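> Structure provided below as structure tokens; questions to follow.
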Amino acid sequence: MFKVKYAFIECLLSLSLFMVPFHVVAADDQAVQALTLALEECDLAQEDRVSRQPIQAQVHIQRFSEQRDNALSIDASVADDEEVAERIRRCDRLSAIVKRSNQAFEQQQAAIDNVVEESNLYIRECELGLQILQSGSVSERSVRSAAKAVGRAEEHKASLQDEWRAFAVFRKNPEHKSRVAMAANLAEGNACMESANLLLNTKRKALQKIDQELKPLIATARASRQICDRALRAATRSPTEANLQTTRALLLRAQSQEKELLGQMRANRTVKTEIGSSPVKKLNSESASVTACVIKAEASVAEMAEVVRKKIRQLETEKAERLAKEARKAERHAEERAKAGPSEVQMAEAGKGTSLHEEMLRVEAEAEEKARADARQLAKERAEKARASPWRR
């Protein structure tokens with residue numbers, strides 16, 4: 001065992017670490033070996049730090065900490081000597097330095113990685129906006145989506161200005177591969193943005209032109225819908241002949257305007273060529289609304305007309321029944337008068353001679369028969385007129 005401890009002392013002297021007092025030799029040999037490895041890792045960490053290799057320095061300093069803790073856990077007396085303790089303290093200070101250096105390096109590397117990523121996103125968002133503008137018809141939705149993509153691309157480019165750590169590295173090393181990649185991405189993104197902004201302005205102007213051209217048609221469609229709505233409201237009024245005529249007149253106006261609107265839309269070239277554009281879609285929606293309203297109004301008017309016809313048929317039927325009843329009553333009255341015999345006047349004139357009495361009876365009978373015939377004929381004519389009325393259908 002003494003030979004092992006003596007070899008440890010020679011190792012420390014050869015590395016020029018420190019002079020080991022005699023009582024260190026008396027420490028546990030496993031603790032001595034662990035401390036030896038710890039101090040070796042400390043020296044390697046220092047070398048890596050000097051040569052600007054923070055990641056490797058961090059690895060070695062981590063191993064130092066592990067071996068140091070291992071040695072102290074085996075035998076804490078291995079660090080009792082002041083020189084050994086000072087060496088350990090220097091390595092602890094080196095550990096803190098390496099950690100700070102490594103953190104700075106990580107921040108720097110993160111900044112460099114972020115610069116490359118943001119420049120990639122600059123291209124990606126711009127290409128997305130350009131793709132939206134190049135596909136399909138012009139519409140408010142596509143222009144809005146493309147504008148948002150272009151805006152996001154500009155934000156990614158602007159965020160590069162915050163990565164000052166990366167640009168500090170690039171100033172010292174202009175040929176840095178991340179700087180080269182970033183520069184290439186920015187050049188490609190700038191070219192894309194020029195095309196995207198140009199096309200975006202073109203699409204916006206085209207959209208404005210279509211919108212201005214179709215405004216009169218949209219106004220016509222809305223006016224037609226207003227008239228149709230008036231017809232619908234009129235159809236909810238009391239079902240009378242006067243209200244029916246008013247409602248029909250409004251419906252005819254709505255039908256006429258709908259027909260005119262559809263004719264203008266069929267003749268409009270923009271409506272045909274820009275079918276996918278938002279102004280054309282808006283016009284088609286307004287037109288469809290008018291058509292749906294007219295169909296509903298036609299049904300409402302037909303329903304109202306049927307109610308009015310039923311009322312008229314009922315009134316005609318009631319009138320015909322009343323006239324027939326009056327005719328039957330007149331007929332019964334004539335028959336009763338005929339059965340009752342000569343009146344007092346007739347009896348007073350009886351002395352004037354039989355021929356005069358007979359003549360009066362004949363005249364009276366003829367008059368009564370004529371009255372019954374006239375009543376029957378009038379009732380028949382009125383009944384036929386009621387059946388022939390167009391409202392009985």
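A note on labels: chains of the structure tokens are A, B, ... as shown, every chain counts residues from 1, and ligands are counted from 1 in their shown order.
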Neighbouring residues of Leu251 (chain A) were defined as those with any atom within 12 Å, considering only C-alpha atoms; residues of the same chain fewer than 5 positions away were excluded. Please report them as an MDAnalysis selection string.
chainID A and resid 224:235 244:246 256:258 290:291 293:302
> Deliver the residues from the most recent selection as a file, using N, CA, C and O atoms, as a compact mmCIF listing (two decimals), in the first residue's frame.

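For reference, selection.txt as written:
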```
# COMPACT_ATOMS: atom_id res chain seq x y z
N SER A 224 -84.47 44.94 -55.07
CA SER A 224 -85.44 43.89 -55.40
C SER A 224 -85.86 43.15 -54.14
O SER A 224 -87.04 42.81 -53.96
N ARG A 225 -84.91 42.88 -53.28
CA ARG A 225 -85.23 42.17 -52.04
C ARG A 225 -86.14 43.01 -51.15
O ARG A 225 -87.05 42.47 -50.50
N GLN A 226 -85.93 44.31 -51.12
CA GLN A 226 -86.78 45.18 -50.31
C GLN A 226 -88.23 45.15 -50.79
O GLN A 226 -89.17 45.08 -49.99
N ILE A 227 -88.41 45.19 -52.13
CA ILE A 227 -89.78 45.12 -52.69
C ILE A 227 -90.41 43.79 -52.36
O ILE A 227 -91.59 43.69 -51.99
N CYS A 228 -89.63 42.72 -52.49
CA CYS A 228 -90.14 41.38 -52.20
C CYS A 228 -90.53 41.27 -50.72
O CYS A 228 -91.54 40.66 -50.38
N ASP A 229 -89.71 41.86 -49.85
CA ASP A 229 -90.04 41.83 -48.42
C ASP A 229 -91.35 42.56 -48.15
O ASP A 229 -92.14 42.15 -47.28
N ARG A 230 -91.59 43.64 -48.89
CA ARG A 230 -92.86 44.35 -48.75
C ARG A 230 -94.03 43.46 -49.16
O ARG A 230 -95.09 43.46 -48.52
N ALA A 231 -93.82 42.69 -50.23
CA ALA A 231 -94.87 41.76 -50.67
C ALA A 231 -95.13 40.70 -49.60
O ALA A 231 -96.29 40.33 -49.34
N LEU A 232 -94.07 40.21 -48.96
CA LEU A 232 -94.24 39.21 -47.90
C LEU A 232 -95.02 39.80 -46.72
O LEU A 232 -95.89 39.12 -46.14
N ARG A 233 -94.68 41.04 -46.36
CA ARG A 233 -95.40 41.66 -45.26
C ARG A 233 -96.87 41.89 -45.61
O ARG A 233 -97.76 41.72 -44.78
N ALA A 234 -97.12 42.30 -46.86
CA ALA A 234 -98.51 42.53 -47.30
C ALA A 234 -99.31 41.24 -47.28
O ALA A 234 -100.52 41.24 -47.02
N ALA A 235 -98.63 40.11 -47.54
CA ALA A 235 -99.32 38.81 -47.57
C ALA A 235 -99.77 38.37 -46.19
O ALA A 235 -100.58 37.44 -46.07
N LEU A 244 -105.28 41.62 -51.36
CA LEU A 244 -104.74 40.67 -52.33
C LEU A 244 -104.22 41.39 -53.57
O LEU A 244 -103.14 41.07 -54.08
N GLN A 245 -104.97 42.38 -54.05
CA GLN A 245 -104.53 43.12 -55.23
C GLN A 245 -103.23 43.89 -54.95
O GLN A 245 -102.32 43.94 -55.78
N THR A 246 -103.12 44.49 -53.75
CA THR A 246 -101.90 45.21 -53.37
C THR A 246 -100.70 44.27 -53.32
O THR A 246 -99.62 44.58 -53.83
N SER A 256 -90.46 41.11 -61.62
CA SER A 256 -89.90 41.84 -62.76
C SER A 256 -88.45 42.25 -62.48
O SER A 256 -87.58 42.09 -63.34
N GLN A 257 -88.19 42.75 -61.29
CA GLN A 257 -86.83 43.16 -60.96
C GLN A 257 -85.88 41.97 -60.85
O GLN A 257 -84.72 42.06 -61.21
N GLU A 258 -86.40 40.86 -60.33
CA GLU A 258 -85.56 39.65 -60.26
C GLU A 258 -85.16 39.20 -61.67
O GLU A 258 -84.01 38.86 -61.93
N VAL A 290 -82.82 37.12 -53.26
CA VAL A 290 -84.01 37.67 -53.95
C VAL A 290 -84.87 36.54 -54.48
O VAL A 290 -86.10 36.53 -54.33
N THR A 291 -84.24 35.57 -55.14
CA THR A 291 -84.99 34.44 -55.71
C THR A 291 -85.74 33.67 -54.64
O THR A 291 -86.92 33.31 -54.80
N CYS A 293 -86.75 34.80 -51.79
CA CYS A 293 -87.83 35.64 -51.29
C CYS A 293 -89.02 35.64 -52.25
O CYS A 293 -90.18 35.56 -51.82
N VAL A 294 -88.73 35.72 -53.56
CA VAL A 294 -89.81 35.71 -54.56
C VAL A 294 -90.59 34.40 -54.50
O VAL A 294 -91.83 34.39 -54.56
N ILE A 295 -89.88 33.29 -54.37
CA ILE A 295 -90.55 31.98 -54.28
C ILE A 295 -91.45 31.94 -53.05
O ILE A 295 -92.60 31.47 -53.11
N LYS A 296 -90.96 32.44 -51.95
CA LYS A 296 -91.75 32.46 -50.72
C LYS A 296 -92.95 33.39 -50.86
O LYS A 296 -94.06 33.06 -50.42
N ALA A 297 -92.74 34.54 -51.52
CA ALA A 297 -93.84 35.49 -51.71
C ALA A 297 -94.91 34.91 -52.63
O ALA A 297 -96.11 35.10 -52.41
N GLU A 298 -94.49 34.20 -53.67
CA GLU A 298 -95.45 33.57 -54.59
C GLU A 298 -96.34 32.58 -53.83
O GLU A 298 -97.55 32.53 -54.04
N ALA A 299 -95.72 31.80 -52.96
CA ALA A 299 -96.49 30.84 -52.18
C ALA A 299 -97.46 31.56 -51.23
O ALA A 299 -98.61 31.15 -51.07
N SER A 300 -96.99 32.65 -50.62
CA SER A 300 -97.83 33.40 -49.69
C SER A 300 -99.01 34.05 -50.41
O SER A 300 -100.14 34.05 -49.91
N VAL A 301 -98.76 34.60 -51.60
CA VAL A 301 -99.83 35.22 -52.38
C VAL A 301 -100.84 34.17 -52.83
O VAL A 301 -102.06 34.40 -52.79
N ALA A 302 -100.36 33.01 -53.25
CA ALA A 302 -101.27 31.94 -53.66
C ALA A 302 -102.14 31.50 -52.50
O ALA A 302 -103.35 31.25 -52.66
```
> Using only C-alpha atoms, which residues sit within 7 Å of Asn185 (chain A) once same-chain residues fewer than 5 positions away are excluded, as a list in words?
Ser119, Asn120 and Ile123 of chain A
> Neighbours of Pro239 (chain A) within 7 Å (only C-alpha atoms; same-chain residues fewer than 4 positions away dropped), as a PDB file with N, CA and C atoms, in the first residue's frame?

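So part_11.pdb came out as:
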```pdb
ATOM      1  N   ASN A 243    -106.464  43.831 -50.246  1.00  0.00           N
ATOM      2  CA  ASN A 243    -105.100  43.478 -49.828  1.00  0.00           C
ATOM      3  C   ASN A 243    -104.445  42.501 -50.794  1.00  0.00           C
ATOM      4  N   LEU A 244    -105.282  41.621 -51.360  1.00  0.00           N
ATOM      5  CA  LEU A 244    -104.741  40.668 -52.331  1.00  0.00           C
ATOM      6  C   LEU A 244    -104.222  41.394 -53.565  1.00  0.00           C
ATOM      7  N   MET A 304    -102.960  33.345 -49.894  1.00  0.00           N
ATOM      8  CA  MET A 304    -103.898  34.438 -49.604  1.00  0.00           C
ATOM      9  C   MET A 304    -105.048  34.443 -50.617  1.00  0.00           C
ATOM     10  N   VAL A 307    -107.620  31.801 -49.819  1.00  0.00           N
ATOM     11  CA  VAL A 307    -108.493  32.190 -48.706  1.00  0.00           C
ATOM     12  C   VAL A 307    -109.553  33.178 -49.186  1.00  0.00           C
ATOM     13  N   VAL A 308    -109.141  34.138 -50.032  1.00  0.00           N
ATOM     14  CA  VAL A 308    -110.099  35.111 -50.555  1.00  0.00           C
ATOM     15  C   VAL A 308    -111.141  34.418 -51.424  1.00  0.00           C
TER      16      VAL A 308
END
```
> With only C-alpha atoms as the counted atoms, please give the residues lying no more than 8 Å from Leu130 (chain A), apart from itself and same-chain residues fewer than 3 positions off, as a list in words.
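Within the cut-off, the hits are Cys126, Glu127, Leu133, Gln134, Ala146, Cys192, Ser195, Ala196 and Leu199 of chain A.
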> Save the residues we just selected, N, CA and C atoms, as a PDB file, in the first residue's frame?

```pdb
ATOM      1  N   CYS A 126     -43.070  33.960 -46.687  1.00  0.00           N
ATOM      2  CA  CYS A 126     -43.222  34.716 -47.932  1.00  0.00           C
ATOM      3  C   CYS A 126     -43.718  33.806 -49.049  1.00  0.00           C
ATOM      4  N   GLU A 127     -43.133  32.628 -49.155  1.00  0.00           N
ATOM      5  CA  GLU A 127     -43.547  31.682 -50.204  1.00  0.00           C
ATOM      6  C   GLU A 127     -44.992  31.238 -50.000  1.00  0.00           C
ATOM      7  N   LEU A 133     -51.569  33.839 -53.313  1.00  0.00           N
ATOM      8  CA  LEU A 133     -51.904  34.835 -54.339  1.00  0.00           C
ATOM      9  C   LEU A 133     -51.911  34.244 -55.739  1.00  0.00           C
ATOM     10  N   GLN A 134     -51.105  33.240 -55.975  1.00  0.00           N
ATOM     11  CA  GLN A 134     -50.975  32.668 -57.313  1.00  0.00           C
ATOM     12  C   GLN A 134     -52.026  31.593 -57.601  1.00  0.00           C
ATOM     13  N   ALA A 146     -52.938  36.164 -47.614  1.00  0.00           N
ATOM     14  CA  ALA A 146     -51.612  36.424 -48.167  1.00  0.00           C
ATOM     15  C   ALA A 146     -50.942  37.590 -47.444  1.00  0.00           C
ATOM     16  N   CYS A 192     -38.367  37.061 -52.885  1.00  0.00           N
ATOM     17  CA  CYS A 192     -39.737  36.568 -52.745  1.00  0.00           C
ATOM     18  C   CYS A 192     -40.668  37.686 -52.295  1.00  0.00           C
ATOM     19  N   SER A 195     -41.702  40.037 -55.093  1.00  0.00           N
ATOM     20  CA  SER A 195     -42.753  39.460 -55.953  1.00  0.00           C
ATOM     21  C   SER A 195     -44.092  39.419 -55.224  1.00  0.00           C
ATOM     22  N   ALA A 196     -44.064  39.025 -53.944  1.00  0.00           N
ATOM     23  CA  ALA A 196     -45.304  38.896 -53.180  1.00  0.00           C
ATOM     24  C   ALA A 196     -45.994  40.251 -53.002  1.00  0.00           C
ATOM     25  N   LEU A 199     -47.508  41.387 -56.376  1.00  0.00           N
ATOM     26  CA  LEU A 199     -48.719  40.642 -56.703  1.00  0.00           C
ATOM     27  C   LEU A 199     -49.851  40.995 -55.738  1.00  0.00           C
TER      28      LEU A 199
END
```
> Using only C-alpha atoms, which protein or nucleic acid residues come within 12 Å of Asp162 (chain A)? Drop anything in the same chain fewer than 6 positions from it, and give the result as an MDAnalysis selection string.
chainID A and resid 111:112 114:115 118 155:156 168
> Go ahead and save the picked residues with N, CA, C and O atoms, as a PDB file, in the first residue's frame.

```
ATOM      1  N   ALA A 111     -28.304  32.030 -30.247  1.00  0.00           N
ATOM      2  CA  ALA A 111     -28.550  33.206 -31.089  1.00  0.00           C
ATOM      3  C   ALA A 111     -28.222  32.907 -32.542  1.00  0.00           C
ATOM      4  O   ALA A 111     -28.964  33.290 -33.462  1.00  0.00           O
ATOM      5  N   ILE A 112     -27.111  32.205 -32.768  1.00  0.00           N
ATOM      6  CA  ILE A 112     -26.711  31.858 -34.141  1.00  0.00           C
ATOM      7  C   ILE A 112     -27.743  30.926 -34.765  1.00  0.00           C
ATOM      8  O   ILE A 112     -28.165  31.115 -35.918  1.00  0.00           O
ATOM      9  N   ASN A 114     -30.849  30.639 -33.943  1.00  0.00           N
ATOM     10  CA  ASN A 114     -32.098  31.358 -34.131  1.00  0.00           C
ATOM     11  C   ASN A 114     -32.052  32.250 -35.368  1.00  0.00           C
ATOM     12  O   ASN A 114     -33.057  32.412 -36.079  1.00  0.00           O
ATOM     13  N   VAL A 115     -30.897  32.833 -35.636  1.00  0.00           N
ATOM     14  CA  VAL A 115     -30.740  33.662 -36.829  1.00  0.00           C
ATOM     15  C   VAL A 115     -30.992  32.836 -38.083  1.00  0.00           C
ATOM     16  O   VAL A 115     -31.696  33.265 -39.015  1.00  0.00           O
ATOM     17  N   GLU A 118     -34.827  31.904 -38.140  1.00  0.00           N
ATOM     18  CA  GLU A 118     -35.684  33.042 -38.486  1.00  0.00           C
ATOM     19  C   GLU A 118     -35.543  33.411 -39.963  1.00  0.00           C
ATOM     20  O   GLU A 118     -36.525  33.779 -40.606  1.00  0.00           O
ATOM     21  N   GLU A 155     -41.969  40.083 -39.907  1.00  0.00           N
ATOM     22  CA  GLU A 155     -41.669  39.975 -38.480  1.00  0.00           C
ATOM     23  C   GLU A 155     -40.462  39.067 -38.243  1.00  0.00           C
ATOM     24  O   GLU A 155     -39.627  39.353 -37.372  1.00  0.00           O
ATOM     25  N   HIS A 156     -40.385  37.968 -38.978  1.00  0.00           N
ATOM     26  CA  HIS A 156     -39.241  37.059 -38.830  1.00  0.00           C
ATOM     27  C   HIS A 156     -37.940  37.763 -39.226  1.00  0.00           C
ATOM     28  O   HIS A 156     -36.912  37.585 -38.569  1.00  0.00           O
ATOM     29  N   ALA A 168     -22.245  39.549 -33.410  1.00  0.00           N
ATOM     30  CA  ALA A 168     -20.908  39.790 -32.854  1.00  0.00           C
ATOM     31  C   ALA A 168     -19.941  38.706 -33.324  1.00  0.00           C
ATOM     32  O   ALA A 168     -18.782  38.979 -33.673  1.00  0.00           O
TER      33      ALA A 168
END
```
> What lies within 10 Å of Glu213 (chain A) using only C-alpha atoms, ignoring chain neighbours under 6 positions off, as a PDB file with all heavy atoms, in the first residue's frame?

```pdb
ATOM      1  N   LEU A 207     -59.352  43.559 -57.109  1.00  0.00           N
ATOM      2  CA  LEU A 207     -60.509  43.367 -56.245  1.00  0.00           C
ATOM      3  C   LEU A 207     -61.338  44.648 -56.136  1.00  0.00           C
ATOM      4  O   LEU A 207     -62.572  44.610 -56.188  1.00  0.00           O
ATOM      5  CB  LEU A 207     -60.023  42.932 -54.859  1.00  0.00           C
ATOM      6  CG  LEU A 207     -61.047  42.312 -53.908  1.00  0.00           C
ATOM      7  CD1 LEU A 207     -61.633  41.050 -54.501  1.00  0.00           C
ATOM      8  CD2 LEU A 207     -60.385  42.003 -52.568  1.00  0.00           C
ATOM      9  N   ASN A 268     -73.178  40.070 -67.867  1.00  0.00           N
ATOM     10  CA  ASN A 268     -71.973  40.701 -67.335  1.00  0.00           C
ATOM     11  C   ASN A 268     -70.779  39.758 -67.454  1.00  0.00           C
ATOM     12  O   ASN A 268     -70.793  38.645 -66.922  1.00  0.00           O
ATOM     13  CB  ASN A 268     -72.195  41.093 -65.863  1.00  0.00           C
ATOM     14  CG  ASN A 268     -71.100  41.989 -65.341  1.00  0.00           C
ATOM     15  OD1 ASN A 268     -69.977  41.561 -65.144  1.00  0.00           O
ATOM     16  ND2 ASN A 268     -71.444  43.252 -65.115  1.00  0.00           N
ATOM     17  N   THR A 270     -67.704  40.104 -66.178  1.00  0.00           N
ATOM     18  CA  THR A 270     -66.973  39.942 -64.923  1.00  0.00           C
ATOM     19  C   THR A 270     -67.604  38.860 -64.062  1.00  0.00           C
ATOM     20  O   THR A 270     -66.912  38.084 -63.401  1.00  0.00           O
ATOM     21  CB  THR A 270     -66.933  41.271 -64.152  1.00  0.00           C
ATOM     22  OG1 THR A 270     -66.317  42.262 -64.979  1.00  0.00           O
ATOM     23  CG2 THR A 270     -66.154  41.133 -62.857  1.00  0.00           C
ATOM     24  N   VAL A 271     -68.925  38.808 -64.054  1.00  0.00           N
ATOM     25  CA  VAL A 271     -69.619  37.780 -63.276  1.00  0.00           C
ATOM     26  C   VAL A 271     -69.237  36.389 -63.760  1.00  0.00           C
ATOM     27  O   VAL A 271     -69.123  35.439 -62.974  1.00  0.00           O
ATOM     28  CB  VAL A 271     -71.144  37.989 -63.354  1.00  0.00           C
ATOM     29  CG1 VAL A 271     -71.889  36.866 -62.658  1.00  0.00           C
ATOM     30  CG2 VAL A 271     -71.531  39.323 -62.736  1.00  0.00           C
ATOM     31  N   PRO A 279     -66.455  39.742 -54.620  1.00  0.00           N
ATOM     32  CA  PRO A 279     -67.588  40.569 -55.059  1.00  0.00           C
ATOM     33  C   PRO A 279     -68.636  39.771 -55.838  1.00  0.00           C
ATOM     34  O   PRO A 279     -69.837  39.989 -55.662  1.00  0.00           O
ATOM     35  CB  PRO A 279     -66.921  41.631 -55.943  1.00  0.00           C
ATOM     36  CG  PRO A 279     -65.524  41.720 -55.449  1.00  0.00           C
ATOM     37  CD  PRO A 279     -65.164  40.319 -55.079  1.00  0.00           C
TER      38      PRO A 279
END
```
> CA of Glu86 (chain A) to CA of Glu47 (chain A): how many Å, to one decimal?
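Computing it gives 19.2 Å between the two atoms.
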> Among region 121-163 of chain A, which residues carry a DSSP assignment of alpha helix (DSSP H), reported as a PyMOL selection string?
chain A and resi 121-134+140-159
> I need the residues from that last selection saved to file as a tab-separated table (two decimals), in the first residue's frame (with C-alpha atoms), if you can.

```
chain	number	residue	atom	x	y	z
A	121	LEU	CA	-39.05	31.25	-41.69
A	122	TYR	CA	-38.70	34.55	-43.57
A	123	ILE	CA	-38.56	32.58	-46.82
A	124	ARG	CA	-41.22	30.07	-45.79
A	125	GLU	CA	-43.89	32.63	-44.83
A	126	CYS	CA	-43.22	34.72	-47.93
A	127	GLU	CA	-43.55	31.68	-50.20
A	128	LEU	CA	-46.81	30.76	-48.47
A	129	GLY	CA	-48.24	34.23	-49.18
A	130	LEU	CA	-47.05	34.06	-52.77
A	131	GLN	CA	-48.64	30.64	-53.20
A	132	ILE	CA	-51.98	31.91	-51.91
A	133	LEU	CA	-51.90	34.83	-54.34
A	134	GLN	CA	-50.98	32.67	-57.31
A	140	GLU	CA	-60.91	39.32	-50.00
A	141	ARG	CA	-60.13	36.14	-48.06
A	142	SER	CA	-57.12	35.16	-50.18
A	143	VAL	CA	-55.75	38.72	-50.17
A	144	ARG	CA	-56.20	38.88	-46.40
A	145	SER	CA	-54.48	35.52	-45.86
A	146	ALA	CA	-51.61	36.42	-48.17
A	147	ALA	CA	-51.15	39.78	-46.46
A	148	LYS	CA	-50.94	38.05	-43.07
A	149	ALA	CA	-48.30	35.64	-44.38
A	150	VAL	CA	-46.25	38.52	-45.81
A	151	GLY	CA	-46.61	40.35	-42.48
A	152	ARG	CA	-45.34	37.31	-40.57
A	153	ALA	CA	-42.38	37.09	-42.97
A	154	GLU	CA	-41.47	40.71	-42.22
A	155	GLU	CA	-41.67	39.97	-38.48
A	156	HIS	CA	-39.24	37.06	-38.83
A	157	LYS	CA	-36.80	39.27	-40.69
A	158	ALA	CA	-37.11	42.04	-38.11
A	159	SER	CA	-36.45	39.61	-35.25
```
> Find the spatial neighbours of region 36-40 of chain A, counting only C-alpha atoms, within a cut-off of 6 Å - ignore same-chain residues fewer than 6 positions away - and output them as a list of chain:residue names.
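What passes the distance filter is A:Phe64, A:Gln67, A:Arg68.
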